[in-house]
Each structure stands twice: as C-alpha cells, then as structure tokens.
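This is structure_0.txt (compact mmCIF, C-alpha atoms).
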```txt
# COMPACT_ATOMS: atom_id res chain seq x y z
CA MET G 1 -18.25 -14.47 -0.30
CA ASN G 2 -21.31 -12.64 0.96
CA PRO G 3 -22.65 -14.87 3.75
CA ASN G 4 -26.19 -14.22 2.48
CA TYR G 5 -25.36 -16.48 -0.46
CA SER G 6 -23.81 -19.37 1.48
CA LYS G 7 -26.91 -21.51 0.98
CA LEU G 8 -26.13 -21.65 -2.74
CA PHE G 9 -22.86 -23.46 -2.00
CA GLU G 10 -24.17 -26.24 0.21
CA PRO G 11 -23.69 -29.74 -1.30
CA PHE G 12 -26.76 -31.78 -2.19
CA THR G 13 -27.18 -35.57 -2.42
CA PHE G 14 -29.88 -37.07 -4.62
CA ALA G 15 -31.85 -40.18 -3.70
CA SER G 16 -29.70 -42.18 -6.14
CA GLY G 17 -26.63 -41.32 -4.06
CA VAL G 18 -25.02 -38.80 -6.44
CA THR G 19 -23.74 -35.70 -4.65
CA ILE G 20 -23.29 -32.33 -6.33
CA ASN G 21 -21.04 -29.67 -4.87
CA ASN G 22 -23.64 -26.90 -4.66
CA ARG G 23 -27.26 -25.98 -5.40
CA VAL G 24 -26.72 -24.25 -8.76
CA ILE G 25 -27.31 -26.12 -12.03
CA MET G 26 -26.98 -24.99 -15.62
CA ALA G 27 -30.41 -25.15 -17.24
CA PRO G 28 -30.79 -27.00 -20.55
CA MET G 29 -30.78 -24.55 -23.44
CA THR G 30 -30.93 -25.37 -27.12
CA THR G 31 -27.71 -24.58 -28.94
CA ASN G 32 -28.89 -25.62 -32.45
CA SER G 33 -25.21 -26.31 -33.04
CA SER G 34 -24.72 -30.06 -33.37
CA PHE G 35 -23.73 -31.60 -36.67
CA GLU G 36 -26.59 -32.61 -38.97
CA ASN G 37 -26.13 -36.21 -37.78
CA GLY G 38 -26.49 -35.15 -34.14
CA MET G 39 -22.84 -35.47 -33.16
CA VAL G 40 -21.30 -32.87 -30.87
CA THR G 41 -19.33 -30.02 -32.42
CA THR G 42 -16.19 -28.40 -31.05
CA ASP G 43 -18.19 -25.20 -30.55
CA GLU G 44 -20.55 -27.06 -28.22
CA HIS G 45 -17.68 -28.54 -26.21
CA ASN G 46 -16.22 -25.06 -25.75
CA TYR G 47 -19.62 -23.57 -24.89
CA TYR G 48 -20.28 -26.04 -22.09
CA LYS G 49 -16.75 -26.12 -20.72
CA ARG G 50 -16.71 -22.31 -20.55
CA ARG G 51 -19.78 -22.32 -18.28
CA ALA G 52 -19.55 -25.53 -16.25
CA ALA G 53 -16.73 -24.72 -13.84
CA GLY G 54 -18.00 -24.21 -10.31
CA LEU G 55 -21.55 -25.42 -10.97
CA GLY G 56 -23.11 -28.40 -9.25
CA ALA G 57 -24.29 -29.91 -12.52
CA VAL G 58 -24.93 -29.11 -16.18
CA ILE G 59 -28.06 -30.31 -17.98
CA THR G 60 -27.33 -30.42 -21.68
CA SER G 61 -29.55 -29.34 -24.53
CA CYS G 62 -31.93 -32.08 -25.62
CA ALA G 63 -30.78 -35.19 -27.47
CA GLN G 64 -33.31 -37.06 -29.58
CA VAL G 65 -34.09 -40.68 -28.79
CA MET G 66 -35.12 -41.44 -32.39
CA GLU G 67 -34.01 -39.76 -35.59
CA ASN G 68 -37.61 -38.78 -36.44
CA GLY G 69 -37.66 -36.81 -33.20
CA LYS G 70 -35.11 -34.10 -33.88
CA PHE G 71 -34.98 -30.45 -34.76
CA ALA G 72 -32.21 -28.72 -36.66
CA GLY G 73 -28.95 -28.79 -34.71
CA SER G 74 -30.11 -31.02 -31.87
CA LEU G 75 -27.93 -33.69 -30.26
CA SER G 76 -28.55 -37.37 -30.94
CA ALA G 77 -28.76 -40.28 -28.54
CA ALA G 78 -30.63 -42.35 -31.10
CA SER G 79 -27.99 -44.93 -32.01
CA ASP G 80 -24.94 -46.61 -30.54
CA ASN G 81 -22.62 -44.87 -32.99
CA ARG G 82 -23.37 -41.63 -31.14
CA ILE G 83 -22.01 -42.92 -27.81
CA GLU G 84 -18.43 -41.87 -28.47
CA SER G 85 -19.48 -38.33 -29.38
CA LEU G 86 -21.68 -38.09 -26.29
CA SER G 87 -18.83 -39.41 -24.17
CA LYS G 88 -16.61 -36.54 -25.25
CA LEU G 89 -19.33 -34.08 -24.23
CA ALA G 90 -19.72 -35.70 -20.82
CA LYS G 91 -15.96 -35.49 -20.28
CA SER G 92 -15.87 -31.83 -21.33
CA ILE G 93 -18.40 -30.98 -18.63
CA GLN G 94 -16.98 -33.29 -15.95
CA SER G 95 -13.45 -31.99 -16.47
CA THR G 96 -14.60 -28.80 -14.69
CA GLY G 97 -15.85 -30.69 -11.63
CA ALA G 98 -19.55 -30.43 -12.54
CA LYS G 99 -21.84 -33.43 -12.97
CA ALA G 100 -23.10 -34.02 -16.53
CA ILE G 101 -26.79 -34.77 -17.14
CA LEU G 102 -28.02 -35.56 -20.66
CA GLN G 103 -31.52 -34.35 -21.45
CA ILE G 104 -33.34 -36.75 -23.78
CA PHE G 105 -36.45 -36.02 -25.84
CA HIS G 106 -38.52 -36.52 -28.97
CA VAL G 107 -39.75 -33.42 -30.78
CA GLY G 108 -43.13 -34.90 -31.72
CA ARG G 109 -45.50 -32.51 -33.48
CA MET G 110 -43.09 -29.62 -32.98
CA GLY G 111 -40.90 -31.09 -35.71
CA THR G 112 -41.01 -30.17 -39.38
CA SER G 113 -40.94 -32.33 -42.49
CA ARG G 114 -38.11 -30.14 -43.75
CA THR G 115 -35.86 -31.03 -40.81
CA LEU G 116 -37.02 -34.66 -40.99
CA ARG G 117 -36.06 -34.91 -44.70
CA GLY G 118 -39.60 -35.07 -45.95
CA GLU G 119 -40.95 -37.33 -43.20
CA GLN G 120 -44.18 -36.18 -41.55
CA PRO G 121 -43.83 -35.31 -37.83
CA VAL G 122 -45.53 -37.73 -35.45
CA SER G 123 -47.45 -37.27 -32.21
CA ALA G 124 -50.07 -38.82 -29.98
CA SER G 125 -52.82 -37.63 -32.34
CA ALA G 126 -53.14 -35.88 -35.68
CA VAL G 127 -53.63 -32.46 -34.09
CA PRO G 128 -51.33 -29.57 -35.06
CA ALA G 129 -49.88 -27.20 -32.49
CA LEU G 130 -51.55 -23.80 -32.24
CA ARG G 131 -48.61 -22.06 -33.84
CA ASP G 132 -48.09 -20.38 -37.18
CA PHE G 133 -46.97 -22.80 -39.88
CA ALA G 134 -47.37 -25.84 -37.58
CA GLU G 135 -47.71 -29.08 -39.54
CA THR G 136 -50.37 -31.67 -38.83
CA PRO G 137 -48.58 -34.70 -37.36
CA ARG G 138 -49.29 -38.35 -38.05
CA ALA G 139 -50.80 -40.21 -35.10
CA LEU G 140 -48.52 -42.95 -33.82
CA SER G 141 -49.77 -46.53 -33.82
CA ASP G 142 -49.78 -48.50 -30.58
CA GLU G 143 -46.76 -50.46 -31.80
CA GLU G 144 -44.88 -47.25 -32.60
CA VAL G 145 -45.66 -45.81 -29.16
CA ARG G 146 -44.17 -48.89 -27.54
CA GLU G 147 -41.11 -48.60 -29.76
CA LEU G 148 -40.71 -45.03 -28.59
CA VAL G 149 -40.86 -46.09 -24.95
CA THR G 150 -38.08 -48.56 -25.69
CA ALA G 151 -36.13 -45.78 -27.44
CA TYR G 152 -36.08 -43.70 -24.26
CA GLY G 153 -34.65 -46.67 -22.39
CA GLU G 154 -32.03 -47.19 -25.10
CA ALA G 155 -31.05 -43.50 -25.00
CA THR G 156 -30.65 -43.81 -21.24
CA ARG G 157 -28.40 -46.83 -21.77
CA ARG G 158 -26.28 -44.83 -24.21
CA ALA G 159 -25.98 -41.97 -21.73
CA ILE G 160 -24.74 -44.44 -19.11
CA LEU G 161 -22.21 -45.99 -21.50
CA ALA G 162 -21.08 -42.51 -22.54
CA GLY G 163 -20.21 -41.72 -18.94
CA PHE G 164 -22.90 -39.20 -18.06
CA ASP G 165 -23.91 -38.82 -14.42
CA GLY G 166 -27.61 -38.83 -15.24
CA VAL G 167 -30.41 -38.19 -17.70
CA GLU G 168 -33.32 -35.79 -17.65
CA LEU G 169 -36.52 -36.95 -19.36
CA HIS G 170 -37.83 -33.93 -21.23
CA GLY G 171 -41.54 -33.93 -20.46
CA ALA G 172 -41.91 -30.18 -20.94
CA ASN G 173 -41.87 -27.33 -23.44
CA THR G 174 -44.49 -28.90 -25.78
CA TYR G 175 -42.35 -31.90 -26.84
CA LEU G 176 -43.60 -35.47 -27.23
CA ILE G 177 -43.89 -36.62 -23.61
CA GLN G 178 -45.94 -33.51 -22.85
CA GLN G 179 -47.96 -34.09 -26.03
CA PHE G 180 -49.08 -37.46 -24.70
CA PHE G 181 -50.05 -35.90 -21.36
CA SER G 182 -51.88 -32.93 -22.89
CA PRO G 183 -55.61 -33.19 -23.73
CA HIS G 184 -54.98 -30.79 -26.61
CA SER G 185 -52.49 -32.95 -28.48
CA ASN G 186 -53.69 -36.34 -27.22
CA ARG G 187 -57.18 -37.26 -28.48
CA ARG G 188 -56.61 -41.03 -28.37
CA ASP G 189 -59.10 -43.55 -27.00
CA ASP G 190 -56.73 -46.47 -26.37
CA PHE G 191 -54.26 -47.35 -23.61
CA TRP G 192 -52.35 -44.12 -24.28
CA GLY G 193 -55.20 -41.63 -24.00
CA GLY G 194 -58.87 -40.86 -23.42
CA THR G 195 -58.74 -40.06 -19.70
CA LEU G 196 -56.28 -38.22 -17.48
CA GLU G 197 -55.08 -41.54 -16.09
CA LYS G 198 -54.46 -42.96 -19.57
CA ARG G 199 -52.70 -39.78 -20.68
CA MET G 200 -50.23 -40.48 -17.87
CA ASN G 201 -49.38 -43.92 -19.27
CA PHE G 202 -46.78 -42.75 -21.78
CA PRO G 203 -44.81 -40.53 -19.35
CA LEU G 204 -44.87 -43.27 -16.72
CA ALA G 205 -43.82 -45.93 -19.23
CA VAL G 206 -40.88 -43.76 -20.32
CA VAL G 207 -39.82 -43.36 -16.69
CA GLN G 208 -40.00 -47.12 -16.21
CA ALA G 209 -37.91 -47.75 -19.34
CA ALA G 210 -35.23 -45.36 -18.10
CA LYS G 211 -35.25 -47.00 -14.66
CA GLU G 212 -34.79 -50.44 -16.20
CA ALA G 213 -31.82 -49.20 -18.22
CA ILE G 214 -30.23 -47.72 -15.12
CA LYS G 215 -30.80 -50.92 -13.14
CA THR G 216 -29.27 -53.01 -15.93
CA TYR G 217 -26.34 -50.90 -17.10
CA ALA G 218 -25.31 -48.38 -14.44
CA GLU G 219 -22.39 -49.54 -12.33
CA LYS G 220 -22.50 -46.50 -10.06
CA PRO G 221 -25.23 -44.13 -8.83
CA PHE G 222 -26.99 -42.45 -11.76
CA ILE G 223 -29.36 -39.47 -11.67
CA LEU G 224 -32.85 -39.73 -13.18
CA GLY G 225 -34.76 -36.46 -13.46
CA TYR G 226 -37.97 -35.35 -15.15
CA ARG G 227 -38.76 -31.93 -16.61
CA ILE G 228 -42.35 -30.75 -16.67
CA SER G 229 -44.37 -27.77 -17.89
CA PRO G 230 -47.12 -27.39 -15.28
CA GLU G 231 -49.79 -25.70 -17.43
CA GLU G 232 -50.87 -25.04 -21.00
CA MET G 233 -52.94 -22.12 -22.25
CA GLU G 234 -54.59 -24.19 -25.01
CA GLU G 235 -58.18 -25.38 -24.58
CA PRO G 236 -58.32 -28.14 -23.73
CA GLY G 237 -54.90 -27.96 -22.11
CA ILE G 238 -52.92 -29.16 -19.13
CA THR G 239 -54.18 -27.67 -15.87
CA LEU G 240 -52.30 -27.36 -12.60
CA ASP G 241 -54.61 -29.97 -11.12
CA ASP G 242 -53.66 -32.37 -13.94
CA THR G 243 -50.00 -31.75 -13.18
CA LEU G 244 -50.43 -32.28 -9.45
CA GLN G 245 -51.93 -35.70 -10.17
CA LEU G 246 -49.09 -36.63 -12.54
CA VAL G 247 -46.47 -35.40 -10.09
CA ALA G 248 -48.02 -37.53 -7.34
CA LYS G 249 -47.49 -40.55 -9.62
CA LEU G 250 -43.96 -39.48 -10.53
CA LYS G 251 -43.04 -39.15 -6.87
CA ASN G 252 -43.63 -42.87 -6.44
CA GLN G 253 -41.26 -43.74 -9.29
CA GLY G 254 -38.04 -43.11 -7.37
CA LEU G 255 -36.95 -40.12 -9.45
CA ASP G 256 -34.11 -37.93 -8.22
CA TYR G 257 -35.76 -34.61 -9.03
CA LEU G 258 -38.56 -32.76 -10.77
CA HIS G 259 -37.46 -29.85 -12.95
CA VAL G 260 -40.33 -27.36 -13.30
CA SER G 261 -40.13 -25.33 -16.50
CA VAL G 262 -41.71 -21.89 -16.10
CA GLY G 263 -40.83 -18.52 -17.60
CA ASN G 264 -40.23 -17.01 -14.17
CA VAL G 265 -39.39 -18.97 -11.03
CA MET G 266 -41.97 -16.84 -9.16
CA GLN G 267 -44.66 -17.45 -11.78
CA ARG G 268 -48.19 -18.03 -10.55
CA SER G 269 -50.87 -20.07 -12.28
CA MET G 270 -51.71 -18.83 -15.78
CA ARG G 271 -55.15 -20.44 -15.62
CA ASP G 272 -56.20 -19.77 -12.02
CA LYS G 273 -55.61 -16.09 -11.28
CA SER G 274 -57.03 -16.49 -7.76
CA ASN G 275 -54.05 -18.65 -6.73
CA LYS G 276 -51.39 -16.28 -5.44
CA LYS G 277 -48.62 -18.78 -4.69
CA PRO G 278 -45.80 -19.46 -7.14
CA ILE G 279 -46.44 -22.73 -8.98
CA ILE G 280 -43.06 -24.11 -7.95
CA GLN G 281 -43.87 -23.55 -4.28
CA ILE G 282 -47.26 -25.27 -4.71
CA LEU G 283 -45.61 -28.29 -6.28
CA GLN G 284 -42.86 -28.58 -3.67
CA GLU G 285 -45.36 -28.36 -0.83
CA GLN G 286 -47.51 -31.00 -2.54
CA VAL G 287 -44.72 -33.56 -3.02
CA GLY G 288 -42.79 -32.88 0.18
CA LYS G 289 -39.08 -32.54 0.85
CA ASP G 290 -38.23 -36.08 -0.28
CA PHE G 291 -38.95 -35.26 -3.94
CA PRO G 292 -36.67 -32.29 -4.72
CA ILE G 293 -37.66 -29.67 -7.26
CA ILE G 294 -35.31 -27.67 -9.46
CA GLY G 295 -36.61 -24.14 -9.90
CA VAL G 296 -35.80 -22.22 -13.05
CA GLY G 297 -36.89 -19.03 -14.78
CA LEU G 298 -35.26 -15.60 -15.00
CA ILE G 299 -32.85 -16.16 -12.14
CA GLN G 300 -30.18 -13.56 -12.85
CA THR G 301 -28.80 -12.26 -9.57
CA PRO G 302 -27.67 -14.18 -6.48
CA ASP G 303 -30.44 -12.47 -4.54
CA GLU G 304 -32.99 -13.90 -6.97
CA ALA G 305 -31.39 -17.31 -6.56
CA ILE G 306 -31.73 -17.10 -2.78
CA ASN G 307 -35.34 -15.89 -3.11
CA ALA G 308 -36.04 -18.98 -5.20
CA LEU G 309 -34.55 -21.30 -2.58
CA ASP G 310 -36.67 -19.51 0.02
CA LEU G 311 -39.74 -20.97 -1.72
CA GLY G 312 -38.71 -24.26 -0.10
CA ILE G 313 -37.02 -25.82 -3.12
CA PRO G 314 -33.48 -27.20 -2.72
CA LEU G 315 -32.05 -26.55 -6.20
CA ILE G 316 -32.06 -23.78 -8.81
CA ALA G 317 -31.14 -23.76 -12.48
CA VAL G 318 -29.65 -20.72 -14.17
CA GLY G 319 -30.19 -20.45 -17.90
CA ARG G 320 -29.92 -17.31 -19.98
CA GLU G 321 -27.82 -15.50 -17.38
CA LEU G 322 -25.09 -18.12 -17.88
CA ILE G 323 -25.04 -17.24 -21.56
CA VAL G 324 -24.42 -13.62 -20.62
CA GLU G 325 -22.09 -14.39 -17.71
CA PRO G 326 -20.27 -17.75 -17.84
CA ASP G 327 -18.44 -16.85 -14.60
CA TRP G 328 -21.66 -16.25 -12.63
CA ILE G 329 -21.03 -18.86 -9.93
CA LYS G 330 -17.34 -17.97 -9.67
CA LYS G 331 -18.07 -14.29 -9.14
CA VAL G 332 -20.71 -15.02 -6.50
CA LYS G 333 -18.32 -17.32 -4.63
CA GLU G 334 -15.55 -14.70 -4.73
CA GLY G 335 -17.82 -11.90 -3.53
CA LYS G 336 -17.67 -10.15 -6.90
CA GLU G 337 -21.40 -10.13 -7.62
CA ASP G 338 -21.18 -6.46 -8.63
CA ALA G 339 -19.00 -7.56 -11.55
CA ILE G 340 -21.59 -10.00 -12.92
CA ARG G 341 -22.45 -9.12 -16.52
CA THR G 342 -26.12 -8.58 -17.26
CA GLU G 343 -25.91 -7.77 -20.97
CA ILE G 344 -23.95 -8.95 -23.98
CA HIS G 345 -21.48 -6.70 -25.73
CA PRO G 346 -20.30 -7.69 -29.23
CA GLN G 347 -16.68 -7.39 -28.10
CA ASP G 348 -17.37 -10.19 -25.56
CA ARG G 349 -18.15 -12.72 -28.27
CA ALA G 350 -14.82 -14.53 -28.15
CA ASP G 351 -14.90 -14.79 -24.36
CA LEU G 352 -18.51 -16.02 -24.28
CA MET G 353 -17.71 -18.89 -26.67
CA LEU G 354 -21.23 -19.00 -28.08
CA PRO G 355 -21.66 -21.28 -31.10
CA ASP G 356 -22.46 -19.37 -34.28
CA ALA G 357 -26.09 -20.53 -34.32
CA MET G 358 -26.64 -19.28 -30.76
CA TRP G 359 -24.96 -15.96 -31.51
CA GLU G 360 -27.18 -15.53 -34.56
CA TYR G 361 -30.25 -16.26 -32.44
CA VAL G 362 -29.20 -13.74 -29.79
CA GLU G 363 -28.63 -11.06 -32.42
CA SER G 364 -31.93 -11.68 -34.19
CA ASN G 365 -34.00 -11.88 -30.98
CA PRO G 366 -32.98 -8.82 -28.93
CA GLY G 367 -35.80 -9.35 -26.45
CA TRP G 368 -34.51 -12.80 -25.48
CA LEU G 369 -31.20 -11.52 -24.11
CA PRO G 370 -30.00 -7.94 -23.51
CA ILE G 371 -27.44 -7.21 -26.20
CA VAL G 372 -25.70 -3.86 -26.57
CA GLU G 373 -25.18 -2.78 -30.15
CA THR G 374 -21.79 -1.50 -31.22
CA ASN G 375 -21.75 2.28 -31.73
CA ARG G 376 -21.67 3.19 -35.41
```
Turn this file's structure into structure tokens for me.
Amino acid sequence: MNPNYSKLFEPFTFASGVTINNRVIMAPMTTNSSFENGMVTTDEHNYYKRRAAGLGAVITSCAQVMENGKFAGSLSAASDNRIESLSKLAKSIQSTGAKAILQIFHVGRMGTSRTLRGEQPVSASAVPALRDFAETPRALSDEEVRELVTAYGEATRRAILAGFDGVELHGANTYLIQQFFSPHSNRRDDFWGGTLEKRMNFPLAVVQAAKEAIKTYAEKPFILGYRISPEEMEEPGITLDDTLQLVAKLKNQGLDYLHVSVGNVMQRSMRDKSNKKPIIQILQEQVGKDFPIIGVGLIQTPDEAINALDLGIPLIAVGRELIVEPDWIKKVKEGKEDAIRTEIHPQDRADLMLPDAMWEYVESNPGWLPIVETNR
C-alpha cells in the first residue's frame, strides 16, 4: 500500500462504542430495486455484498418509516413484517466485515400520488417543491406529525431487531425532515414551525425518538447518525447560518456522526460566494473534534479521499465511484490504485452486479456516471 493512503485504513470508534475498521464508508445511494412492498430483492443483496468487503461501514439506501413516505423501489422499515427482510440485508453486508447502517426517511412532498396509490403526498405545509410536475402536498396535522415522530422511533427499533449496527436519520436531500427545517416547505405557525427554533423541533424530536428506541431495545452499542443538506437555493431556503444553529443543537444530542450531503466534498457556500472555505470544513471547525463529520461528494481517487480528510474530518463516504469500482478499497489497500476503474463498460455489467433499475438509470443518465458505449 502507498503509505500516503495509510490514514484511510486507521480504525475509528464512535461515541456509542462501535468501532469500524477504517475511515471509508459506502454512501447511501438509491437503488430503486426493492419489491413493491419494500422488501429486499436478491439483486440488492448482491449489489451491497459486492461492494461492502473492506469498507468500514455501508449506509444503505433509504427505508421509509411509513408507507405514505416511499418512492418507487425504496426499502421499507414501516412495519414489523419487514424485520426479517431487513435482517437478511444486514447480514449480507456484515458477512463482508463491514458495519451495516440503515438509513431511514419519509419522502414527504417529494412523493407522488402515483407511487402512493392515489394518496396525496404530505409535508409540513401545502407548498409544492420547485420542480417540474411537483404535486402540492397536504399539510400534516399536529397529531400526524407526532405519529411520524413515533414512526422514526419504531423504524429504529426494527433496525435494531433486524441486527443492523446503526441507523442514519435522513435529514437531507429535500426529504421530510429537511422539509420541516426549511422555511420554503415549512410555513406553519404552530409548535412545528414559524421561527427557526420551531423549525428545529421536528428534527430534534425525531432524534429523541431514535435515542429512546436505542436505549430501550439495543443490547449492544448502536450507531445513530444524521444526514444533512447544509443549504437550499430556494427563497426562502435553508442558509448556512440556519444549519450551523441546527448542528449546534444536534451536537448536544449524543449523535455518533453528522453526514454532510454536498455535491462535491470541497464545495463552498452556494449562497455566500465570499466564503472561500469548504462547507464541510466550516461545519467540522464549528462543532469540534468530538462530533465527527462524514464528508461525501465526488470522491473518486485515493488522493481525493486524503484531501477530504485533510479538511479535518475523520471519515469519508464514497458513492458513485463504488458503483463504477466495487473493489476500490481493496485496490487502494493492495497498492493497485492505477487499476481502479473510473468508467463503466457494458461488458462489466455482470461483475458490477447492478440491479436492473440502477443499470437503466446509468444508461439513461450518461452525465451521472461515465459509461463507455459499445462500438457498433
């Protein structure tokens, strides 16, 4: 192994007491490949097992906490009869030596009535997303919001009973937790909105529900992480200052990590062009070393991974590059970084073990991943 990359292979212990073997985590990426009822398919088992070996941990694609919170092909953690299916997924990942973390979410206003079998999507307020064909959601009642908080705790319980090593609360990428925090999607004037402090109430209540489930049901150390999108371009939208205030609150909740979702790990503020520091570095400096951040975003080479760690963060997540190169961590460890694949060739399909829905997405979105067409 190139000694320049040795930092990637140092073990890391979370505040909960769980230790991972190295600093590299598989980022959560939607497979759109679960059964219609949210159970795990064989293709998904193969996809994760093909990539997990050698990694510190794998964060799964998101699993809905309620059935009105799904998108097509998402996993389900919404009922006890999904525990057995989730358990098989946890074992598939853990059989490689990696820790298994289940990401849990609710789609909120990003859902569609078609996917929800005619049911109107729900959100903090009846405000549609600024996207083509976005549907206007139904605003949740106070009682329904509290039921949703409970649902996150129940999904955490199911993850524990299924044998996962942790859960990640998906508070990013425009889904429901972010919708409650955002002044664009949350126009409420009750306990759950109206001021920045009240817009924090739902995320903090979800964290508390997950913590209670862990305290009650976990018989061994269990990871609790939180994923966040630090800014929105909408007006009004989440600002970096908003996020810094939320993160300060999250730090006091005893979380194991903060996973910062940005397009590029070196990304600077989209709203404040005068700020020249990467957002991830700003957040890590703000919260201090005792609240670890996972950095993610276009990390493809081991040099880019090291550059990310040099921002002062302790952990990095690799996403799309693991789709292209499932043996990324193995090749870095063996000093074969020159053999790391950076583009997909059609003849590699069997080796890559991508579910059909993912392969279709890759083929129809050539800008998302580099794919080499077969010569005609």
Select from stretch 90-184 of chain G every residue with an atom at most 7 Å from any atom of stretch 209-233 of chain G, then for each give the shortest pair of atoms and their distance in Å to one decimal, using all atoms listed in the file, rows by chain and rising number, as a Markdown table.
```
| residue | atom | partner | partner_atom | distance |
| --- | --- | --- | --- | --- |
| G:Val149 | CA | G:Ala209 | CA | 6.6 |
| G:Thr150 | CA | G:Ala209 | CA | 6.4 |
| G:Tyr152 | CA | G:Ala210 | CA | 6.4 |
| G:Gly153 | CA | G:Ala210 | CA | 4.5 |
| G:Thr156 | CA | G:Ala210 | CA | 5.8 |
| G:Arg157 | CA | G:Ala213 | CA | 5.5 |
| G:Ile160 | CA | G:Ala218 | CA | 6.1 |
| G:Asp165 | CA | G:Phe222 | CA | 5.5 |
| G:Gly166 | CA | G:Ile223 | CA | 4.0 |
| G:Val167 | CA | G:Leu224 | CA | 5.4 |
| G:Glu168 | CA | G:Gly225 | CA | 4.5 |
| G:Leu169 | CA | G:Tyr226 | CA | 4.7 |
| G:His170 | CA | G:Arg227 | CA | 5.1 |
| G:Gly171 | CA | G:Ile228 | CA | 5.0 |
| G:Ala172 | CA | G:Ile228 | CA | 4.3 |
| G:Asn173 | CA | G:Ser229 | CA | 6.1 |
```
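Between G:Arg146 and the candidates G:Val206, G:Arg131, G:Leu244, G:Ile104, the tightest atom-to-atom separation, counting only C-alpha atoms, involves G:Val206.
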* Protein/DNA/RNA residues near (-22.0, -26.3, -33.1), cut 10 Å, all atoms listed in the file, as a VMD selection string -> chain G and resid 31 to 36 38 to 47 73 to 75 354 to 358
* Close residues, stretch 305-321 of chain G itself excluded, 7 Å, all atoms listed in the file, min 6 positions apart in chain, as number ranges by chain -> G: 5, 23-27, 29, 265, 281, 284, 292-296, 299
* Distance query G:Gly335 at most 12 Å, only C-alpha atoms, self and fewer than 3 positions along chain excluded, as a list in words -> Met1, Asn2, Pro3, Asn4, Tyr5, Ser6, Pro302, Trp328, Ile329, Lys330, Lys331, Val332, Asp338, Ala339 and Ile340 of chain G
* Between atom CA of G:Leu116 and atom CA of G:Gln64, what is the spacing in Å? -> 12.2 Å
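Counting only C-alpha atoms, the residue from G:Lys88, G:Lys251, G:Arg109, G:Arg271 that sits nearest to G:Phe71 is G:Arg109.
Taking atom CA of G:Ala162 and atom CA of G:Ser61 as endpoints, the distance between them is 15.8 Å.
Closest approach to G:Val145 from the set G:Asp190, G:Asp256, G:Glu325, G:Glu67 is made by G:Asp190, with distances taken over only C-alpha atoms.
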From the block you just saw, export stretch 335-349 of chain G: N, CA, C and O atoms, as a JSON list (two decimals), in the first residue's frame.
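So result.json came out as:
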```json
[["chain", "number", "residue", "atom", "x", "y", "z"],
["G", 335, "GLY", "N", -2.20, -1.42, -3.10],
["G", 335, "GLY", "CA", -1.29, -0.60, -3.90],
["G", 335, "GLY", "C", -1.56, -0.66, -5.38],
["G", 335, "GLY", "O", -0.67, -0.41, -6.20],
["G", 336, "LYS", "N", -2.80, -0.97, -5.74],
["G", 336, "LYS", "CA", -3.17, -1.11, -7.16],
["G", 336, "LYS", "C", -4.10, 0.03, -7.58],
["G", 336, "LYS", "O", -5.03, -0.17, -8.37],
["G", 337, "GLU", "N", -3.85, 1.23, -7.05],
["G", 337, "GLU", "CA", -4.75, 2.34, -7.37],
["G", 337, "GLU", "C", -4.78, 2.68, -8.85],
["G", 337, "GLU", "O", -5.77, 3.22, -9.36],
["G", 338, "ASP", "N", -3.71, 2.34, -9.58],
["G", 338, "ASP", "CA", -3.71, 2.58, -11.03],
["G", 338, "ASP", "C", -4.71, 1.69, -11.76],
["G", 338, "ASP", "O", -5.08, 1.97, -12.91],
["G", 339, "ALA", "N", -5.15, 0.63, -11.10],
["G", 339, "ALA", "CA", -6.10, -0.30, -11.73],
["G", 339, "ALA", "C", -7.55, 0.02, -11.37],
["G", 339, "ALA", "O", -8.46, -0.70, -11.78],
["G", 340, "ILE", "N", -7.77, 1.11, -10.62],
["G", 340, "ILE", "CA", -9.13, 1.48, -10.24],
["G", 340, "ILE", "C", -9.91, 1.94, -11.47],
["G", 340, "ILE", "O", -9.46, 2.82, -12.21],
["G", 341, "ARG", "N", -11.07, 1.36, -11.69],
["G", 341, "ARG", "CA", -11.90, 1.74, -12.82],
["G", 341, "ARG", "C", -12.54, 3.11, -12.57],
["G", 341, "ARG", "O", -12.97, 3.41, -11.45],
["G", 342, "THR", "N", -12.62, 3.90, -13.61],
["G", 342, "THR", "CA", -13.22, 5.23, -13.50],
["G", 342, "THR", "C", -14.40, 5.40, -14.45],
["G", 342, "THR", "O", -15.00, 6.48, -14.51],
["G", 343, "GLU", "N", -14.71, 4.37, -15.22],
["G", 343, "GLU", "CA", -15.84, 4.42, -16.13],
["G", 343, "GLU", "C", -16.42, 3.02, -16.29],
["G", 343, "GLU", "O", -15.74, 2.02, -16.05],
["G", 344, "ILE", "N", -17.68, 2.99, -16.67],
["G", 344, "ILE", "CA", -18.39, 1.72, -16.80],
["G", 344, "ILE", "C", -18.37, 1.27, -18.25],
["G", 344, "ILE", "O", -18.66, 2.04, -19.17],
["G", 345, "HIS", "N", -18.01, 0.02, -18.45],
["G", 345, "HIS", "CA", -18.08, -0.61, -19.76],
["G", 345, "HIS", "C", -19.22, -1.62, -19.74],
["G", 345, "HIS", "O", -19.39, -2.35, -18.74],
["G", 346, "PRO", "N", -20.03, -1.69, -20.79],
["G", 346, "PRO", "CA", -21.15, -2.63, -20.80],
["G", 346, "PRO", "C", -20.75, -4.06, -20.49],
["G", 346, "PRO", "O", -21.51, -4.79, -19.85],
["G", 347, "GLN", "N", -19.53, -4.45, -20.90],
["G", 347, "GLN", "CA", -19.11, -5.83, -20.64],
["G", 347, "GLN", "C", -18.83, -6.09, -19.16],
["G", 347, "GLN", "O", -18.66, -7.24, -18.74],
["G", 348, "ASP", "N", -18.80, -5.01, -18.34],
["G", 348, "ASP", "CA", -18.57, -5.16, -16.90],
["G", 348, "ASP", "C", -19.87, -5.38, -16.12],
["G", 348, "ASP", "O", -19.84, -5.53, -14.90],
["G", 349, "ARG", "N", -20.99, -5.40, -16.83],
["G", 349, "ARG", "CA", -22.28, -5.41, -16.12],
["G", 349, "ARG", "C", -22.41, -6.57, -15.15],
["G", 349, "ARG", "O", -22.85, -6.39, -14.01]]
```
